[in-house]
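*Asks:* Okay, so here is entry.csv, and as you'll see once you scroll down, it has CSV, C-alpha atoms.
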chain,number,residue,atom,x,y,z
A,23,MET,CA,-8.1,5.0,-7.6
A,24,ASN,CA,-9.3,2.7,-10.4
A,25,PHE,CA,-5.7,1.8,-11.2
A,26,ILE,CA,-5.0,0.8,-7.6
A,27,ARG,CA,-8.3,-1.1,-7.3
A,28,TYR,CA,-7.6,-3.0,-10.5
A,29,ARG,CA,-4.0,-3.8,-9.6
A,30,GLY,CA,-4.7,-4.4,-5.9
A,31,VAL,CA,-1.1,-3.7,-4.8
A,32,VAL,CA,0.8,-0.7,-6.2
A,33,LEU,CA,4.0,1.1,-5.3
A,34,GLU,CA,3.7,4.9,-4.6
A,35,ALA,CA,6.8,5.9,-6.6
A,36,ALA,CA,9.6,3.4,-6.2
A,37,LYS,CA,10.9,1.0,-8.8
A,38,GLY,CA,10.1,-2.6,-8.0
A,39,LEU,CA,8.0,-5.6,-8.9
A,40,GLU,CA,4.7,-3.8,-8.6
A,41,PRO,CA,3.5,-1.0,-10.9
A,42,SER,CA,4.2,2.6,-9.7
A,43,LEU,CA,1.5,5.2,-9.4
A,44,ALA,CA,4.0,8.0,-10.1
A,45,VAL,CA,5.0,6.3,-13.4
A,46,ARG,CA,1.3,5.8,-14.3
A,47,ILE,CA,0.6,9.5,-13.7
A,48,ALA,CA,3.7,10.6,-15.6
A,49,GLY,CA,2.8,8.4,-18.5
A,50,GLY,CA,6.1,6.7,-18.7
A,51,PRO,CA,9.4,6.0,-16.9
A,52,ILE,CA,10.8,8.7,-14.6
A,53,GLY,CA,14.5,9.4,-14.7
A,54,GLY,CA,15.6,10.3,-11.2
A,55,SER,CA,13.3,11.7,-8.6
A,56,TRP,CA,9.7,12.3,-9.5
A,57,TRP,CA,9.9,15.6,-7.7
A,58,SER,CA,11.9,17.0,-10.6
A,59,HIS,CA,9.6,15.5,-13.2
A,60,PRO,CA,7.4,18.1,-15.1
A,61,MET,CA,4.4,16.4,-13.6
A,62,GLY,CA,5.8,16.4,-10.1
A,63,TYR,CA,3.1,18.6,-8.7
A,64,GLU,CA,0.4,16.4,-10.1
A,65,ILE,CA,2.1,13.3,-8.8
A,66,PHE,CA,2.4,14.8,-5.3
A,67,ALA,CA,-1.3,15.9,-5.3
A,68,LEU,CA,-2.6,12.5,-6.4
A,69,THR,CA,-0.4,10.6,-4.0
A,70,GLN,CA,-1.8,12.8,-1.2
A,71,LYS,CA,-5.4,12.0,-2.3
A,72,VAL,CA,-4.6,8.3,-2.3
A,73,ARG,CA,-2.9,8.5,1.1
A,74,ASP,CA,-6.1,10.2,2.4
A,75,SER,CA,-8.4,7.5,1.0
A,76,LYS,CA,-10.2,5.1,3.3
A,77,ALA,CA,-10.1,2.5,0.5
A,78,VAL,CA,-6.3,2.2,0.5
A,79,LEU,CA,-3.8,1.0,3.1
A,80,VAL,CA,-0.5,2.8,2.8
A,81,CYS,CA,2.2,0.4,4.2
A,82,THR,CA,5.7,-0.9,3.4
A,83,LEU,CA,4.8,-4.4,2.1
A,84,ALA,CA,7.1,-4.2,-0.9
A,85,ARG,CA,10.4,-4.6,0.9
A,86,GLY,CA,10.1,-1.4,2.8
A,87,LYS,CA,8.9,0.7,-0.1
A,88,ILE,CA,5.7,2.7,0.3
A,89,THR,CA,3.0,0.4,-1.0
A,90,TYR,CA,-0.7,0.9,-1.6
A,91,ILE,CA,-3.1,-2.1,-1.0
A,92,HIS,CA,-6.7,-1.7,-2.1
A,93,ARG,CA,-9.3,-2.4,0.5
A,94,ARG,CA,-10.8,-5.3,-1.6
A,95,LEU,CA,-7.7,-7.3,-0.6
A,96,TRP,CA,-7.5,-6.3,3.0
A,97,PRO,CA,-9.4,-9.4,4.4
A,98,ALA,CA,-6.9,-11.8,2.6
A,99,PHE,CA,-3.9,-9.8,3.8
A,100,VAL,CA,-5.3,-9.7,7.3
A,101,ARG,CA,-5.9,-13.5,7.3
A,102,MET,CA,-2.4,-14.2,6.0
A,103,ALA,CA,-0.6,-11.4,8.0
A,104,LYS,CA,1.6,-13.9,9.9
A,105,MET,CA,3.2,-14.9,6.6
A,106,PHE,CA,4.6,-11.4,6.0
A,107,PRO,CA,7.6,-9.7,7.7
A,108,SER,CA,6.9,-7.9,10.9
A,109,HIS,CA,5.6,-4.3,10.3
A,110,ALA,CA,5.0,-4.9,6.6
A,111,LEU,CA,1.3,-4.3,7.1
A,112,ASP,CA,1.6,-1.4,9.6
A,113,ARG,CA,-0.3,1.7,8.3
A,114,VAL,CA,2.0,4.5,7.4
A,115,GLN,CA,0.8,8.1,7.7
A,116,GLU,CA,2.5,11.5,7.4
A,117,VAL,CA,1.5,13.9,10.1
A,118,HIS,CA,1.9,17.6,9.4
A,119,LEU,CA,3.6,19.3,12.4
A,120,PRO,CA,3.0,22.9,13.4
A,121,SER,CA,6.5,23.7,12.2
A,122,GLY,CA,5.4,22.7,8.6
A,123,ARG,CA,7.6,19.6,8.6
A,124,HIS,CA,6.1,16.2,7.9
A,125,GLN,CA,6.7,13.3,10.3
A,126,ARG,CA,6.0,9.6,9.5
A,127,GLN,CA,3.7,8.0,12.0
A,128,ASP,CA,3.0,4.2,11.8
A,129,THR,CA,0.0,2.5,13.3
A,130,PRO,CA,0.9,-1.2,14.1
A,131,PHE,CA,-1.0,-4.0,12.5
A,132,PRO,CA,-3.7,-4.9,13.4
A,133,LYS,CA,-4.7,-1.7,15.3
A,134,TRP,CA,-5.7,0.0,12.1
A,135,VAL,CA,-7.9,-2.8,10.8
A,136,PRO,CA,-11.7,-2.0,10.9
A,137,GLU,CA,-13.9,-4.6,12.6
A,138,SER,CA,-15.7,-5.3,9.3
A,139,VAL,CA,-12.4,-6.3,7.7
A,140,LEU,CA,-11.5,-8.5,10.7
A,141,ASP,CA,-14.9,-10.3,10.3
A,142,ALA,CA,-14.3,-10.8,6.6
A,143,ALA,CA,-10.8,-12.1,7.3
A,144,ARG,CA,-12.2,-14.6,9.8
A,145,ALA,CA,-14.7,-15.8,7.3
A,146,LEU,CA,-12.0,-16.7,4.8
A,147,SER,CA,-10.1,-20.0,5.0
A,148,THR,CA,-6.4,-19.8,4.9
A,149,GLN,CA,-6.5,-21.5,1.5
A,150,GLU,CA,-9.0,-19.0,0.1
A,151,ALA,CA,-6.9,-16.0,1.4
A,152,ALA,CA,-3.7,-17.5,0.0
A,153,VAL,CA,-5.2,-18.0,-3.4
A,154,GLU,CA,-6.4,-14.4,-3.5
A,155,ILE,CA,-3.0,-12.9,-2.7
A,156,GLN,CA,-0.7,-15.7,-3.8
A,157,VAL,CA,1.4,-13.3,-6.0
A,158,TRP,CA,2.2,-11.1,-3.0
A,159,LEU,CA,2.7,-14.1,-0.6
A,160,HIS,CA,5.4,-15.3,-3.0
A,161,ARG,CA,7.0,-12.0,-3.5
A,162,TYR,CA,7.0,-10.6,0.1
A,163,GLY,CA,6.0,-13.3,2.4
A,164,ALA,CA,6.8,-16.9,3.2
A,165,THR,CA,6.2,-19.4,0.4
Take the structure in this file and express it as structure tokens.

*Replies:*
Amino acid sequence: MNFIRYRGVVLEAAKGLEPSLAVRIAGGPIGGSWWSHPMGYEIFALTQKVRDSKAVLVCTLARGKITYIHRRLWPAFVRMAKMFPSHALDRVQEVHLPSGRHQRQDTPFPKWVPESVLDAARALSTQEAAVEIQVWLHRYGAT
């Protein structure tokens, strides 16, 4: 969690512009799927803990890849949400079905946003929010 808090935006396991939690856990690059990595069980267990955390938004900000955004940045992302592609800030969850399968369930933005975060977002000026998340605005939003 400290890694995600420090970085602000982290990929779950994909390769991309943001650091990857799976690579961090593995201690180096992963050839192929992380499921086949010797630390695959640990990677899975920790990604599940992150996905269950109330301090992390799981979404697809990074060009459709599973992305973690730490809560400290939520007000700025909420304030600038119109600058990002549709559905990029929808909350992604996996639901365990009675059959044992997992099914992805997305909660549309802004339905998942707590009132306290909406209040904090309203208190930010557009310029303040843009400065706080400028790297991600440039990478995934409108510049």

*Asks:* Would you please work out which residue, of A:Val80, A:Ala151, A:Leu39, A:Ile47, is nearest to Pro60 in chain A when using only C-alpha atoms?

*Replies:*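 Of A:Val80, A:Ala151, A:Leu39, A:Ile47, the one nearest Pro60 in chain A is A:Ile47, counting only C-alpha atoms.
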
*Asks:* Here is a test: counting all atoms listed in the file, which residue of A:Leu68, A:Val100, A:Met105, A:Val157 is nearest to Lys133 in chain A?

*Replies:*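 Closest residue, counting all atoms listed in the file: A:Val100.
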
*Asks:* Quick one: of A:Thr89, A:Gln115, A:Ser138, A:Gln149, who's nearest to Glu34 in chain A, counting all atoms listed in the file?

*Replies:*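 Closest to Glu34 in chain A of all the choices is A:Thr89.
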
*Asks:* Taking all atoms listed in the file into account, name the residue in A:Lys37, A:Arg93, A:Lys76, A:Arg27 that is nearest to Val139 in chain A.

*Replies:*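 Closest candidate: A:Arg93.
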
*Asks:* Would you please work out which residue, of A:Ser58, A:Leu79, A:Tyr63, A:His109, is nearest to Gly30 in chain A when using all atoms listed in the file?

*Replies:*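 Looking only at the distances to Gly30 in chain A, the closest residue turns out to be A:Leu79.
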
*Asks:* Select, from A:Glu116, A:Met23, A:Ala142, A:His124, the residue with the minimum atom-to-atom distance to Ser75 in chain A, counting all atoms listed in the file.

*Replies:*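 Checking each of A:Glu116, A:Met23, A:Ala142, A:His124 against Ser75 in chain A, counting all atoms listed in the file, the winner is A:Met23.
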
*Asks:* Quick one: distance from CA of Glu150 in chain A to CA of Pro130 in chain A in Å, one decimal?

*Replies:*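 Taking CA of Glu150 in chain A as the start and CA of Pro130 in chain A as the end point, the length is 24.7 Å.
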
*Asks:* Env of Phe106 in chain A: 9 Å cut, atoms = only C-alpha atoms, seq-sep filter 4 positions within chain, self excluded. Answer as a ChimeraX atom specification.

*Replies:* /A:83,99,102,110-111,159,162-164

*Asks:* Might you pull out every residue within 10 Å of Leu43 in chain A, with only C-alpha atoms counted and same-chain residues fewer than 5 positions away left off, and present them as a list in words?

*Replies:* Met23, Phe25, Ile26, Val32, Leu33, Glu34, Ala35, Ala36, Ala48, Gly49, Ile65, Leu68, Thr69, Val72, Thr89 and Tyr90 of chain A

*Asks:* List the spatial neighbours of Val117 in chain A as a ChimeraX atom specification - criterion: any atom at most 10 Å away, all atoms listed in the file, same-chain residues fewer than 3 positions off excluded.

*Replies:* /A:114,120,122-128

*Asks:* What is the distance between CA of Ile88 in chain A and CA of Asp141 in chain A, in Å to one decimal?

*Replies:*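 CA of Asp141 in chain A lies 26.3 Å from CA of Ile88 in chain A.
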
*Asks:* Using Å and a single decimal, report how far CA of Arg73 in chain A sits from CA of Leu140 in chain A.

*Replies:* 21.3 Å

*Asks:* When you look at Leu146 in chain A with a cut-off of 8 Å (counting only C-alpha atoms), what residues show up, excluding the ones that are within fewer than 5 positions of it in the same chain? I need them as a ChimeraX atom specification.

*Replies:* /A:97-98,101,151

*Asks:* Can you pull out every residue within 10 Å of Pro51 in chain A, counting only C-alpha atoms, but drop anything in the same chain fewer than 6 positions away, and send it as a ChimeraX atom specification?

*Replies:* /A:37,42,44-45
